[in-house]
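Engineer: Coordinates in model_2.cif, mmCIF, N, CA and C atoms, are listed below.
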```
data_protein
#
loop_
_atom_site.label_atom_id
_atom_site.label_comp_id
_atom_site.auth_asym_id
_atom_site.auth_seq_id
_atom_site.Cartn_x
_atom_site.Cartn_y
_atom_site.Cartn_z
N MET A 1 -58.75 53.27 -11.03
CA MET A 1 -58.34 54.04 -9.91
C MET A 1 -57.60 55.29 -10.35
N SER A 2 -57.12 55.31 -11.53
CA SER A 2 -56.46 56.53 -11.97
C SER A 2 -57.49 57.51 -12.50
N GLU A 3 -57.17 58.79 -12.31
CA GLU A 3 -58.11 59.83 -12.74
C GLU A 3 -57.92 60.09 -14.21
N SER A 4 -59.00 60.44 -14.80
CA SER A 4 -58.91 60.78 -16.22
C SER A 4 -58.34 62.18 -16.36
N PRO A 5 -57.72 62.50 -17.47
CA PRO A 5 -57.14 63.83 -17.67
C PRO A 5 -58.18 64.94 -17.58
N ASP A 6 -59.40 64.64 -17.97
CA ASP A 6 -60.45 65.66 -17.92
C ASP A 6 -60.81 66.00 -16.47
N ALA A 7 -60.82 65.03 -15.59
CA ALA A 7 -61.17 65.27 -14.19
C ALA A 7 -60.10 66.11 -13.52
N GLY A 8 -58.84 65.88 -13.82
CA GLY A 8 -57.74 66.66 -13.24
C GLY A 8 -57.79 68.11 -13.68
N SER A 9 -58.07 68.35 -14.94
CA SER A 9 -58.10 69.73 -15.43
C SER A 9 -59.32 70.48 -14.89
N SER A 10 -60.43 69.78 -14.67
CA SER A 10 -61.61 70.46 -14.11
C SER A 10 -61.35 70.82 -12.66
N ASN A 11 -60.61 69.97 -11.91
CA ASN A 11 -60.23 70.31 -10.53
C ASN A 11 -59.31 71.54 -10.52
N ASN A 12 -58.35 71.56 -11.45
CA ASN A 12 -57.45 72.71 -11.53
C ASN A 12 -58.21 73.99 -11.88
N ASN A 13 -59.15 73.86 -12.81
CA ASN A 13 -59.96 75.03 -13.18
C ASN A 13 -60.78 75.52 -12.00
N ALA A 14 -61.33 74.61 -11.22
CA ALA A 14 -62.13 74.99 -10.05
C ALA A 14 -61.25 75.68 -9.00
N GLU A 15 -60.05 75.12 -8.80
CA GLU A 15 -59.12 75.74 -7.83
C GLU A 15 -58.69 77.12 -8.31
N ASN A 16 -58.39 77.22 -9.61
CA ASN A 16 -57.99 78.52 -10.17
C ASN A 16 -59.12 79.54 -10.03
N THR A 17 -60.35 79.10 -10.26
CA THR A 17 -61.50 79.99 -10.13
C THR A 17 -61.67 80.45 -8.68
N GLU A 18 -61.49 79.52 -7.74
CA GLU A 18 -61.59 79.88 -6.32
C GLU A 18 -60.49 80.85 -5.92
N GLN A 19 -59.28 80.59 -6.40
CA GLN A 19 -58.16 81.48 -6.08
C GLN A 19 -58.37 82.86 -6.69
N LEU A 20 -58.88 82.88 -7.92
CA LEU A 20 -59.16 84.16 -8.58
C LEU A 20 -60.24 84.93 -7.83
N ALA A 21 -61.26 84.24 -7.37
CA ALA A 21 -62.32 84.89 -6.59
C ALA A 21 -61.77 85.43 -5.28
N ALA A 22 -60.92 84.66 -4.62
CA ALA A 22 -60.31 85.11 -3.37
C ALA A 22 -59.43 86.34 -3.60
N LEU A 23 -58.67 86.33 -4.69
CA LEU A 23 -57.83 87.49 -5.02
C LEU A 23 -58.67 88.72 -5.32
N GLN A 24 -59.79 88.52 -5.99
CA GLN A 24 -60.68 89.65 -6.29
C GLN A 24 -61.28 90.22 -5.01
N VAL A 25 -61.61 89.37 -4.07
CA VAL A 25 -62.14 89.83 -2.78
C VAL A 25 -61.08 90.64 -2.05
N TRP A 26 -59.85 90.12 -2.03
CA TRP A 26 -58.75 90.84 -1.37
C TRP A 26 -58.47 92.17 -2.06
N ALA A 27 -58.47 92.18 -3.37
CA ALA A 27 -58.22 93.42 -4.12
C ALA A 27 -59.32 94.44 -3.83
N SER A 28 -60.55 93.97 -3.80
CA SER A 28 -61.67 94.87 -3.48
C SER A 28 -61.53 95.42 -2.07
N TRP A 29 -61.15 94.57 -1.13
CA TRP A 29 -60.97 95.01 0.26
C TRP A 29 -59.86 96.03 0.37
N LEU A 30 -58.75 95.79 -0.35
CA LEU A 30 -57.64 96.74 -0.33
C LEU A 30 -58.03 98.08 -0.93
N GLN A 31 -58.81 98.06 -2.01
CA GLN A 31 -59.27 99.32 -2.61
C GLN A 31 -60.18 100.08 -1.63
N GLN A 32 -61.08 99.38 -0.99
CA GLN A 32 -61.98 100.03 -0.03
C GLN A 32 -61.20 100.57 1.17
N SER A 33 -60.21 99.81 1.63
CA SER A 33 -59.39 100.27 2.75
C SER A 33 -58.58 101.50 2.38
N ALA A 34 -58.04 101.52 1.18
CA ALA A 34 -57.27 102.68 0.72
C ALA A 34 -58.18 103.90 0.60
N ALA A 35 -59.36 103.72 0.07
CA ALA A 35 -60.30 104.84 -0.06
C ALA A 35 -60.72 105.35 1.32
N MET A 36 -60.98 104.43 2.24
CA MET A 36 -61.37 104.84 3.59
C MET A 36 -60.22 105.52 4.30
N GLY A 37 -59.00 105.03 4.12
CA GLY A 37 -57.83 105.65 4.73
C GLY A 37 -57.61 107.05 4.19
N SER A 38 -57.80 107.22 2.91
CA SER A 38 -57.65 108.55 2.30
C SER A 38 -58.69 109.52 2.85
N GLU A 39 -59.93 109.07 2.95
CA GLU A 39 -60.99 109.91 3.50
C GLU A 39 -60.74 110.23 4.97
N LEU A 40 -60.23 109.25 5.71
CA LEU A 40 -59.94 109.46 7.13
C LEU A 40 -58.81 110.49 7.30
N LEU A 41 -57.79 110.42 6.46
CA LEU A 41 -56.71 111.40 6.53
C LEU A 41 -57.19 112.80 6.16
N GLN A 42 -58.08 112.87 5.18
CA GLN A 42 -58.64 114.17 4.81
C GLN A 42 -59.48 114.73 5.96
N LEU A 43 -60.27 113.88 6.60
CA LEU A 43 -61.07 114.31 7.75
C LEU A 43 -60.16 114.77 8.89
N LEU A 44 -59.10 114.03 9.14
CA LEU A 44 -58.15 114.42 10.18
C LEU A 44 -57.52 115.77 9.89
N GLN A 45 -57.14 115.99 8.64
CA GLN A 45 -56.53 117.26 8.25
C GLN A 45 -57.50 118.42 8.45
N LEU A 46 -58.74 118.26 8.01
CA LEU A 46 -59.73 119.32 8.17
C LEU A 46 -60.04 119.58 9.64
N GLU A 47 -60.13 118.52 10.41
CA GLU A 47 -60.44 118.68 11.82
C GLU A 47 -59.28 119.30 12.59
N LEU A 48 -58.06 119.00 12.19
CA LEU A 48 -56.90 119.64 12.82
C LEU A 48 -56.87 121.14 12.53
N ARG A 49 -57.24 121.52 11.29
CA ARG A 49 -57.32 122.95 10.98
C ARG A 49 -58.35 123.63 11.88
N LEU A 50 -59.51 122.99 12.03
CA LEU A 50 -60.55 123.55 12.89
C LEU A 50 -60.08 123.64 14.34
N ALA A 51 -59.38 122.61 14.80
CA ALA A 51 -58.89 122.61 16.17
C ALA A 51 -57.86 123.72 16.40
N ILE A 52 -57.02 123.98 15.40
CA ILE A 52 -56.04 125.06 15.52
C ILE A 52 -56.74 126.41 15.61
N LYS A 53 -57.75 126.60 14.78
CA LYS A 53 -58.52 127.85 14.84
C LYS A 53 -59.20 127.99 16.19
N ASP A 54 -59.79 126.91 16.68
CA ASP A 54 -60.46 126.96 17.98
C ASP A 54 -59.45 127.15 19.12
N GLY A 55 -58.25 126.62 18.94
CA GLY A 55 -57.20 126.84 19.94
C GLY A 55 -56.85 128.32 20.06
N LYS A 56 -56.81 129.00 18.92
CA LYS A 56 -56.56 130.44 18.94
C LYS A 56 -57.70 131.17 19.66
N ARG A 57 -58.92 130.74 19.39
CA ARG A 57 -60.07 131.36 20.06
C ARG A 57 -60.02 131.09 21.58
N LEU A 58 -59.62 129.88 21.95
CA LEU A 58 -59.49 129.58 23.38
C LEU A 58 -58.44 130.47 24.04
N PHE A 59 -57.37 130.74 23.34
CA PHE A 59 -56.34 131.61 23.88
C PHE A 59 -56.87 133.02 24.10
N VAL A 60 -57.63 133.53 23.13
CA VAL A 60 -58.22 134.86 23.28
C VAL A 60 -59.21 134.87 24.44
N LEU A 61 -60.01 133.83 24.55
CA LEU A 61 -60.96 133.75 25.67
C LEU A 61 -60.23 133.69 27.01
N ALA A 62 -59.11 133.01 27.04
CA ALA A 62 -58.32 132.96 28.28
C ALA A 62 -57.80 134.35 28.63
N LEU A 63 -57.40 135.08 27.59
CA LEU A 63 -56.93 136.45 27.84
C LEU A 63 -58.07 137.34 28.33
N LEU A 64 -59.28 137.09 27.84
CA LEU A 64 -60.43 137.87 28.29
C LEU A 64 -60.87 137.48 29.70
N PHE A 65 -60.64 136.25 30.06
CA PHE A 65 -61.09 135.73 31.35
C PHE A 65 -60.38 136.40 32.52
N VAL A 66 -59.11 136.65 32.39
CA VAL A 66 -58.31 137.21 33.49
C VAL A 66 -58.80 138.60 33.91
N PRO A 67 -58.96 139.55 32.99
CA PRO A 67 -59.44 140.86 33.44
C PRO A 67 -60.85 140.82 34.02
N LEU A 68 -61.71 139.97 33.44
CA LEU A 68 -63.07 139.88 33.99
C LEU A 68 -63.07 139.25 35.38
N LEU A 69 -62.17 138.31 35.59
CA LEU A 69 -62.04 137.72 36.92
C LEU A 69 -61.58 138.77 37.92
N ILE A 70 -60.64 139.60 37.52
CA ILE A 70 -60.17 140.67 38.41
C ILE A 70 -61.29 141.67 38.68
N LEU A 71 -62.04 142.01 37.65
CA LEU A 71 -63.16 142.94 37.85
C LEU A 71 -64.24 142.34 38.74
N ALA A 72 -64.51 141.04 38.59
CA ALA A 72 -65.50 140.40 39.46
C ALA A 72 -65.01 140.41 40.91
N TRP A 73 -63.75 140.14 41.09
CA TRP A 73 -63.19 140.20 42.44
C TRP A 73 -63.30 141.61 43.02
N LEU A 74 -62.97 142.60 42.21
CA LEU A 74 -63.12 143.99 42.66
C LEU A 74 -64.58 144.31 42.98
N GLY A 75 -65.47 143.80 42.15
CA GLY A 75 -66.90 144.04 42.40
C GLY A 75 -67.35 143.46 43.74
N ILE A 76 -66.89 142.24 44.02
CA ILE A 76 -67.27 141.61 45.30
C ILE A 76 -66.69 142.39 46.48
N THR A 77 -65.44 142.76 46.39
CA THR A 77 -64.84 143.48 47.51
C THR A 77 -65.44 144.87 47.68
N VAL A 78 -65.72 145.56 46.58
CA VAL A 78 -66.36 146.87 46.68
C VAL A 78 -67.77 146.72 47.25
N LEU A 79 -68.48 145.69 46.83
CA LEU A 79 -69.84 145.47 47.35
C LEU A 79 -69.82 145.23 48.85
N LEU A 80 -68.93 144.36 49.29
CA LEU A 80 -68.84 144.11 50.73
C LEU A 80 -68.45 145.36 51.51
N ALA A 81 -67.54 146.13 50.95
CA ALA A 81 -67.13 147.37 51.62
C ALA A 81 -68.29 148.37 51.70
N TRP A 82 -69.01 148.49 50.62
CA TRP A 82 -70.15 149.41 50.62
C TRP A 82 -71.27 148.90 51.52
N LEU A 83 -71.49 147.59 51.58
CA LEU A 83 -72.53 147.06 52.47
C LEU A 83 -72.19 147.34 53.94
N VAL A 84 -70.93 147.21 54.26
CA VAL A 84 -70.51 147.47 55.63
C VAL A 84 -70.59 148.96 55.92
N TYR A 85 -70.14 149.79 55.01
CA TYR A 85 -70.02 151.22 55.25
C TYR A 85 -71.36 151.97 55.13
N LEU A 86 -72.11 151.63 54.16
CA LEU A 86 -73.34 152.38 53.89
C LEU A 86 -74.58 151.55 54.17
N VAL A 87 -75.61 152.22 54.45
CA VAL A 87 -76.90 151.56 54.63
C VAL A 87 -77.84 151.97 53.48
N ASN A 88 -77.37 152.79 52.57
CA ASN A 88 -78.18 153.29 51.46
C ASN A 88 -78.41 152.16 50.45
N VAL A 89 -79.64 151.85 50.17
CA VAL A 89 -80.00 150.73 49.30
C VAL A 89 -79.64 151.00 47.84
N SER A 90 -79.74 152.19 47.37
CA SER A 90 -79.49 152.46 45.95
C SER A 90 -78.03 152.23 45.56
N VAL A 91 -77.12 152.52 46.43
CA VAL A 91 -75.71 152.26 46.12
C VAL A 91 -75.48 150.75 46.03
N THR A 92 -76.07 150.02 46.95
CA THR A 92 -75.93 148.56 46.94
C THR A 92 -76.50 147.96 45.66
N GLN A 93 -77.66 148.47 45.25
CA GLN A 93 -78.25 147.95 44.02
C GLN A 93 -77.35 148.26 42.82
N GLY A 94 -76.73 149.40 42.81
CA GLY A 94 -75.80 149.74 41.73
C GLY A 94 -74.60 148.83 41.71
N LEU A 95 -74.07 148.55 42.90
CA LEU A 95 -72.91 147.65 42.95
C LEU A 95 -73.29 146.22 42.61
N LEU A 96 -74.49 145.80 43.01
CA LEU A 96 -74.95 144.45 42.64
C LEU A 96 -75.12 144.32 41.13
N ALA A 97 -75.61 145.37 40.50
CA ALA A 97 -75.73 145.34 39.03
C ALA A 97 -74.34 145.24 38.39
N PHE A 98 -73.37 145.99 38.92
CA PHE A 98 -71.99 145.91 38.42
C PHE A 98 -71.44 144.49 38.55
N LEU A 99 -71.68 143.92 39.71
CA LEU A 99 -71.19 142.55 39.95
C LEU A 99 -71.89 141.55 39.04
N ALA A 100 -73.19 141.71 38.86
CA ALA A 100 -73.95 140.78 38.00
C ALA A 100 -73.44 140.82 36.57
N LEU A 101 -73.09 142.01 36.09
CA LEU A 101 -72.54 142.10 34.73
C LEU A 101 -71.21 141.37 34.61
N GLN A 102 -70.39 141.49 35.63
CA GLN A 102 -69.09 140.80 35.58
C GLN A 102 -69.28 139.28 35.60
N ILE A 103 -70.17 138.82 36.44
CA ILE A 103 -70.43 137.37 36.52
C ILE A 103 -71.06 136.86 35.22
N ALA A 104 -71.94 137.65 34.63
CA ALA A 104 -72.53 137.26 33.34
C ALA A 104 -71.45 137.16 32.26
N GLY A 105 -70.50 138.08 32.27
CA GLY A 105 -69.39 138.01 31.31
C GLY A 105 -68.56 136.75 31.50
N LEU A 106 -68.27 136.42 32.74
CA LEU A 106 -67.52 135.19 33.03
C LEU A 106 -68.29 133.95 32.59
N TRP A 107 -69.59 133.97 32.79
CA TRP A 107 -70.42 132.83 32.41
C TRP A 107 -70.40 132.63 30.89
N ILE A 108 -70.51 133.73 30.15
CA ILE A 108 -70.50 133.64 28.68
C ILE A 108 -69.14 133.14 28.19
N ILE A 109 -68.07 133.63 28.76
CA ILE A 109 -66.74 133.17 28.36
C ILE A 109 -66.56 131.69 28.69
N THR A 110 -67.08 131.25 29.83
CA THR A 110 -66.98 129.83 30.21
C THR A 110 -67.74 128.94 29.24
N LEU A 111 -68.93 129.37 28.83
CA LEU A 111 -69.70 128.60 27.85
C LEU A 111 -68.96 128.51 26.52
N ALA A 112 -68.39 129.62 26.06
CA ALA A 112 -67.63 129.60 24.81
C ALA A 112 -66.39 128.72 24.94
N TRP A 113 -65.74 128.77 26.09
CA TRP A 113 -64.57 127.92 26.35
C TRP A 113 -64.93 126.45 26.18
N LYS A 114 -66.03 126.03 26.81
CA LYS A 114 -66.46 124.63 26.73
C LYS A 114 -66.79 124.24 25.29
N HIS A 115 -67.42 125.15 24.56
CA HIS A 115 -67.80 124.87 23.18
C HIS A 115 -66.57 124.62 22.30
N TYR A 116 -65.59 125.49 22.38
CA TYR A 116 -64.40 125.36 21.54
C TYR A 116 -63.48 124.23 22.01
N LYS A 117 -63.54 123.91 23.29
CA LYS A 117 -62.70 122.84 23.82
C LYS A 117 -63.10 121.48 23.25
N LYS A 118 -64.38 121.31 22.92
CA LYS A 118 -64.86 120.03 22.37
C LYS A 118 -64.18 119.69 21.05
N SER A 119 -63.94 120.70 20.21
CA SER A 119 -63.35 120.41 18.90
C SER A 119 -61.89 120.01 18.99
N LEU A 120 -61.22 120.31 20.10
CA LEU A 120 -59.82 119.93 20.25
C LEU A 120 -59.65 118.43 20.43
N ARG A 121 -60.73 117.73 20.74
CA ARG A 121 -60.66 116.26 20.90
C ARG A 121 -60.81 115.52 19.58
N LEU A 122 -61.00 116.23 18.48
CA LEU A 122 -61.19 115.65 17.16
C LEU A 122 -62.31 114.60 17.17
N PRO A 123 -63.53 115.02 17.48
CA PRO A 123 -64.61 114.04 17.69
C PRO A 123 -64.99 113.25 16.44
N LEU A 124 -64.98 113.87 15.27
CA LEU A 124 -65.39 113.15 14.06
C LEU A 124 -64.36 112.09 13.67
N THR A 125 -63.08 112.43 13.77
CA THR A 125 -62.03 111.46 13.44
C THR A 125 -62.06 110.30 14.41
N THR A 126 -62.23 110.60 15.70
CA THR A 126 -62.28 109.55 16.71
C THR A 126 -63.46 108.62 16.46
N GLN A 127 -64.62 109.20 16.15
CA GLN A 127 -65.81 108.38 15.88
C GLN A 127 -65.61 107.51 14.65
N GLN A 128 -64.99 108.08 13.60
CA GLN A 128 -64.74 107.32 12.38
C GLN A 128 -63.81 106.15 12.66
N LEU A 129 -62.77 106.37 13.45
CA LEU A 129 -61.86 105.27 13.80
C LEU A 129 -62.57 104.21 14.62
N ARG A 130 -63.41 104.64 15.58
CA ARG A 130 -64.17 103.66 16.38
C ARG A 130 -65.08 102.83 15.49
N ASP A 131 -65.75 103.49 14.54
CA ASP A 131 -66.65 102.77 13.63
C ASP A 131 -65.88 101.78 12.76
N PHE A 132 -64.73 102.20 12.27
CA PHE A 132 -63.93 101.33 11.40
C PHE A 132 -63.44 100.11 12.15
N PHE A 133 -62.84 100.31 13.30
CA PHE A 133 -62.30 99.18 14.05
C PHE A 133 -63.39 98.34 14.68
N GLY A 134 -64.50 98.95 15.03
CA GLY A 134 -65.63 98.19 15.56
C GLY A 134 -66.26 97.32 14.49
N ALA A 135 -66.39 97.85 13.27
CA ALA A 135 -66.96 97.10 12.16
C ALA A 135 -66.02 95.97 11.76
N LYS A 136 -64.71 96.22 11.81
CA LYS A 136 -63.73 95.20 11.43
C LYS A 136 -63.78 94.01 12.38
N SER A 137 -63.88 94.28 13.69
CA SER A 137 -63.88 93.20 14.65
C SER A 137 -65.19 92.42 14.64
N SER A 138 -66.30 93.08 14.26
CA SER A 138 -67.57 92.37 14.23
C SER A 138 -67.71 91.52 12.96
N ASP A 139 -66.95 91.85 11.89
CA ASP A 139 -67.02 91.07 10.65
C ASP A 139 -66.31 89.73 10.79
N THR A 140 -65.29 89.67 11.62
CA THR A 140 -64.50 88.44 11.70
C THR A 140 -65.09 87.47 12.67
#
```
Can you give me the file's structure in the form of structure tokens?
Structural biologist:
Amino acid sequence: MSESPDAGSSNNNAENTEQLAALQVWASWLQQSAAMGSELLQLLQLELRLAIKDGKRLFVLALLFVPLLILAWLGITVLLAWLVYLVNVSVTQGLLAFLALQIAGLWIITLAWKHYKKSLRLPLTTQQLRDFFGAKSSDT
């Protein structure tokens, strides 16, 4: 009923091997996590720089938006005044062209605004975090 000394040492060797394998798995996981964390921080830093640059562009676009909005308003009021006052078609067509240019300018600024606004959400960093935490929860 007593175990032989050889059987006890082989059990210890097996346990030591299992513990060593578990430690190697944990060490590998920690190295991968550190590498991923470093890459994620680098991505965050680069994306924040881009967001700051786009924030400056958004500010300039906001400054451009105000005068064009005022000009569009002036165009509409002048057009209505000329439509009421004059019956001459050529003046109306000239004012409509003026108004169309102002509206086209506002449209272009709005499109640029939407484009630069997307980068302020840090889409790549957010996606990377979603992938990391999604992959972690599906592994367990």
Engineer: Can you list, as an NGL selection string, every protein, DNA or RNA residue that comes within 7 Å of region 56-64 of chain A when you count all atoms listed in the file, leaving out same-chain residues fewer than 2 positions away?
Structural biologist: :A and (51-54 or 66-69 or 109 or 113 or 116-117)
Engineer: What is the CA of Leu40 (chain A)-CA of Leu122 (chain A) distance in Å, reported with one decimal?
Structural biologist: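 So the answer is 11.9 Å.
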Engineer: What does the distance between CA of Met36 (chain A) and CA of Ala21 (chain A) come to in Å, to one decimal place?
Structural biologist: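 Straight-line distance from CA of Met36 (chain A) to CA of Ala21 (chain A) works out to 22.4 Å.
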Engineer: Return as a PyMOL selection string the set of residues that the PyMOL selection byres ((chain A and resi 70-78) around 7) yields on the displayed structure.
Structural biologist: chain A and resi 65-69+79-83+95+98-99+102-103
Engineer: Just the number, please: distance in Å from CA of Leu30 (chain A) to atom C of Arg121 (chain A), one decimal.
Structural biologist: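 Interatomic distance, CA of Leu30 (chain A) to atom C of Arg121 (chain A): 27.6 Å.
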Engineer: Which is closest to Ser119 (chain A) among A:Asn13, A:Gln42, A:Leu50, A:Gln32, if we use only C-alpha atoms?
Structural biologist: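 Going through A:Asn13, A:Gln42, A:Leu50, A:Gln32 one by one, the smallest distance to Ser119 (chain A) is for A:Leu50.
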Engineer: Output as an mmCIF file, in the coordinates of the input: region 124-134 of chain A, completed with all heavy atoms.
Structural biologist:
```
data_model
loop_
_atom_site.group_PDB
_atom_site.id
_atom_site.type_symbol
_atom_site.label_atom_id
_atom_site.label_comp_id
_atom_site.auth_asym_id
_atom_site.auth_seq_id
_atom_site.Cartn_x
_atom_site.Cartn_y
_atom_site.Cartn_z
ATOM 1 N N LEU A 124 -64.980 113.870 15.270
ATOM 2 C CA LEU A 124 -65.390 113.150 14.060
ATOM 3 C C LEU A 124 -64.360 112.090 13.670
ATOM 4 O O LEU A 124 -64.721 110.974 13.284
ATOM 5 C CB LEU A 124 -65.611 114.137 12.920
ATOM 6 C CG LEU A 124 -66.723 115.161 13.152
ATOM 7 C CD1 LEU A 124 -66.787 116.158 12.005
ATOM 8 C CD2 LEU A 124 -68.055 114.462 13.336
ATOM 9 N N THR A 125 -63.080 112.430 13.770
ATOM 10 C CA THR A 125 -62.030 111.460 13.440
ATOM 11 C C THR A 125 -62.060 110.300 14.410
ATOM 12 O O THR A 125 -61.946 109.129 14.014
ATOM 13 C CB THR A 125 -60.654 112.145 13.470
ATOM 14 O OG1 THR A 125 -60.678 113.263 12.573
ATOM 15 C CG2 THR A 125 -59.554 111.184 13.061
ATOM 16 N N THR A 126 -62.230 110.600 15.700
ATOM 17 C CA THR A 126 -62.280 109.550 16.710
ATOM 18 C C THR A 126 -63.460 108.620 16.460
ATOM 19 O O THR A 126 -63.326 107.398 16.542
ATOM 20 C CB THR A 126 -62.390 110.183 18.113
ATOM 21 O OG1 THR A 126 -61.323 111.105 18.277
ATOM 22 C CG2 THR A 126 -62.327 109.125 19.193
ATOM 23 N N GLN A 127 -64.620 109.200 16.150
ATOM 24 C CA GLN A 127 -65.810 108.380 15.880
ATOM 25 C C GLN A 127 -65.610 107.510 14.650
ATOM 26 O O GLN A 127 -65.983 106.340 14.634
ATOM 27 C CB GLN A 127 -67.043 109.285 15.706
ATOM 28 C CG GLN A 127 -68.320 108.524 15.455
ATOM 29 C CD GLN A 127 -68.702 107.609 16.593
ATOM 30 O OE1 GLN A 127 -68.528 107.977 17.752
ATOM 31 N NE2 GLN A 127 -69.201 106.440 16.293
ATOM 32 N N GLN A 128 -64.990 108.080 13.600
ATOM 33 C CA GLN A 128 -64.740 107.320 12.380
ATOM 34 C C GLN A 128 -63.810 106.150 12.660
ATOM 35 O O GLN A 128 -64.027 105.040 12.163
ATOM 36 C CB GLN A 128 -64.134 108.251 11.321
ATOM 37 C CG GLN A 128 -64.054 107.660 9.951
ATOM 38 C CD GLN A 128 -65.406 107.572 9.283
ATOM 39 O OE1 GLN A 128 -66.367 108.142 9.731
ATOM 40 N NE2 GLN A 128 -65.485 106.830 8.210
ATOM 41 N N LEU A 129 -62.770 106.370 13.450
ATOM 42 C CA LEU A 129 -61.860 105.270 13.800
ATOM 43 C C LEU A 129 -62.570 104.210 14.620
ATOM 44 O O LEU A 129 -62.371 103.008 14.402
ATOM 45 C CB LEU A 129 -60.659 105.818 14.585
ATOM 46 C CG LEU A 129 -59.600 106.530 13.759
ATOM 47 C CD1 LEU A 129 -58.588 107.208 14.660
ATOM 48 C CD2 LEU A 129 -58.925 105.566 12.815
ATOM 49 N N ARG A 130 -63.410 104.640 15.580
ATOM 50 C CA ARG A 130 -64.170 103.660 16.380
ATOM 51 C C ARG A 130 -65.080 102.830 15.490
ATOM 52 O O ARG A 130 -65.173 101.612 15.636
ATOM 53 C CB ARG A 130 -65.018 104.395 17.429
ATOM 54 C CG ARG A 130 -64.299 104.592 18.708
ATOM 55 C CD ARG A 130 -65.290 105.025 19.797
ATOM 56 N NE ARG A 130 -64.638 106.047 20.570
ATOM 57 C CZ ARG A 130 -65.093 107.255 20.805
ATOM 58 N NH1 ARG A 130 -66.253 107.620 20.347
ATOM 59 N NH2 ARG A 130 -64.411 108.107 21.514
ATOM 60 N N ASP A 131 -65.750 103.490 14.540
ATOM 61 C CA ASP A 131 -66.650 102.770 13.630
ATOM 62 C C ASP A 131 -65.880 101.780 12.760
ATOM 63 O O ASP A 131 -66.324 100.665 12.546
ATOM 64 C CB ASP A 131 -67.422 103.758 12.742
ATOM 65 C CG ASP A 131 -68.438 104.573 13.521
ATOM 66 O OD1 ASP A 131 -68.754 104.190 14.672
ATOM 67 O OD2 ASP A 131 -68.908 105.583 12.966
ATOM 68 N N PHE A 132 -64.730 102.200 12.270
ATOM 69 C CA PHE A 132 -63.930 101.330 11.400
ATOM 70 C C PHE A 132 -63.440 100.110 12.150
ATOM 71 O O PHE A 132 -63.600 98.985 11.698
ATOM 72 C CB PHE A 132 -62.750 102.091 10.799
ATOM 73 C CG PHE A 132 -61.838 101.218 9.998
ATOM 74 C CD1 PHE A 132 -62.241 100.709 8.768
ATOM 75 C CD2 PHE A 132 -60.570 100.883 10.451
ATOM 76 C CE1 PHE A 132 -61.415 99.907 8.029
ATOM 77 C CE2 PHE A 132 -59.727 100.085 9.716
ATOM 78 C CZ PHE A 132 -60.157 99.592 8.492
ATOM 79 N N PHE A 133 -62.840 100.310 13.300
ATOM 80 C CA PHE A 133 -62.300 99.180 14.050
ATOM 81 C C PHE A 133 -63.390 98.340 14.680
ATOM 82 O O PHE A 133 -63.259 97.144 14.806
ATOM 83 C CB PHE A 133 -61.286 99.643 15.092
ATOM 84 C CG PHE A 133 -60.001 100.113 14.498
ATOM 85 C CD1 PHE A 133 -59.583 101.422 14.641
ATOM 86 C CD2 PHE A 133 -59.219 99.243 13.752
ATOM 87 C CE1 PHE A 133 -58.404 101.858 14.092
ATOM 88 C CE2 PHE A 133 -58.035 99.676 13.175
ATOM 89 C CZ PHE A 133 -57.633 100.976 13.342
ATOM 90 N N GLY A 134 -64.500 98.950 15.030
ATOM 91 C CA GLY A 134 -65.630 98.190 15.560
ATOM 92 C C GLY A 134 -66.260 97.320 14.490
ATOM 93 O O GLY A 134 -66.585 96.167 14.710
#
```
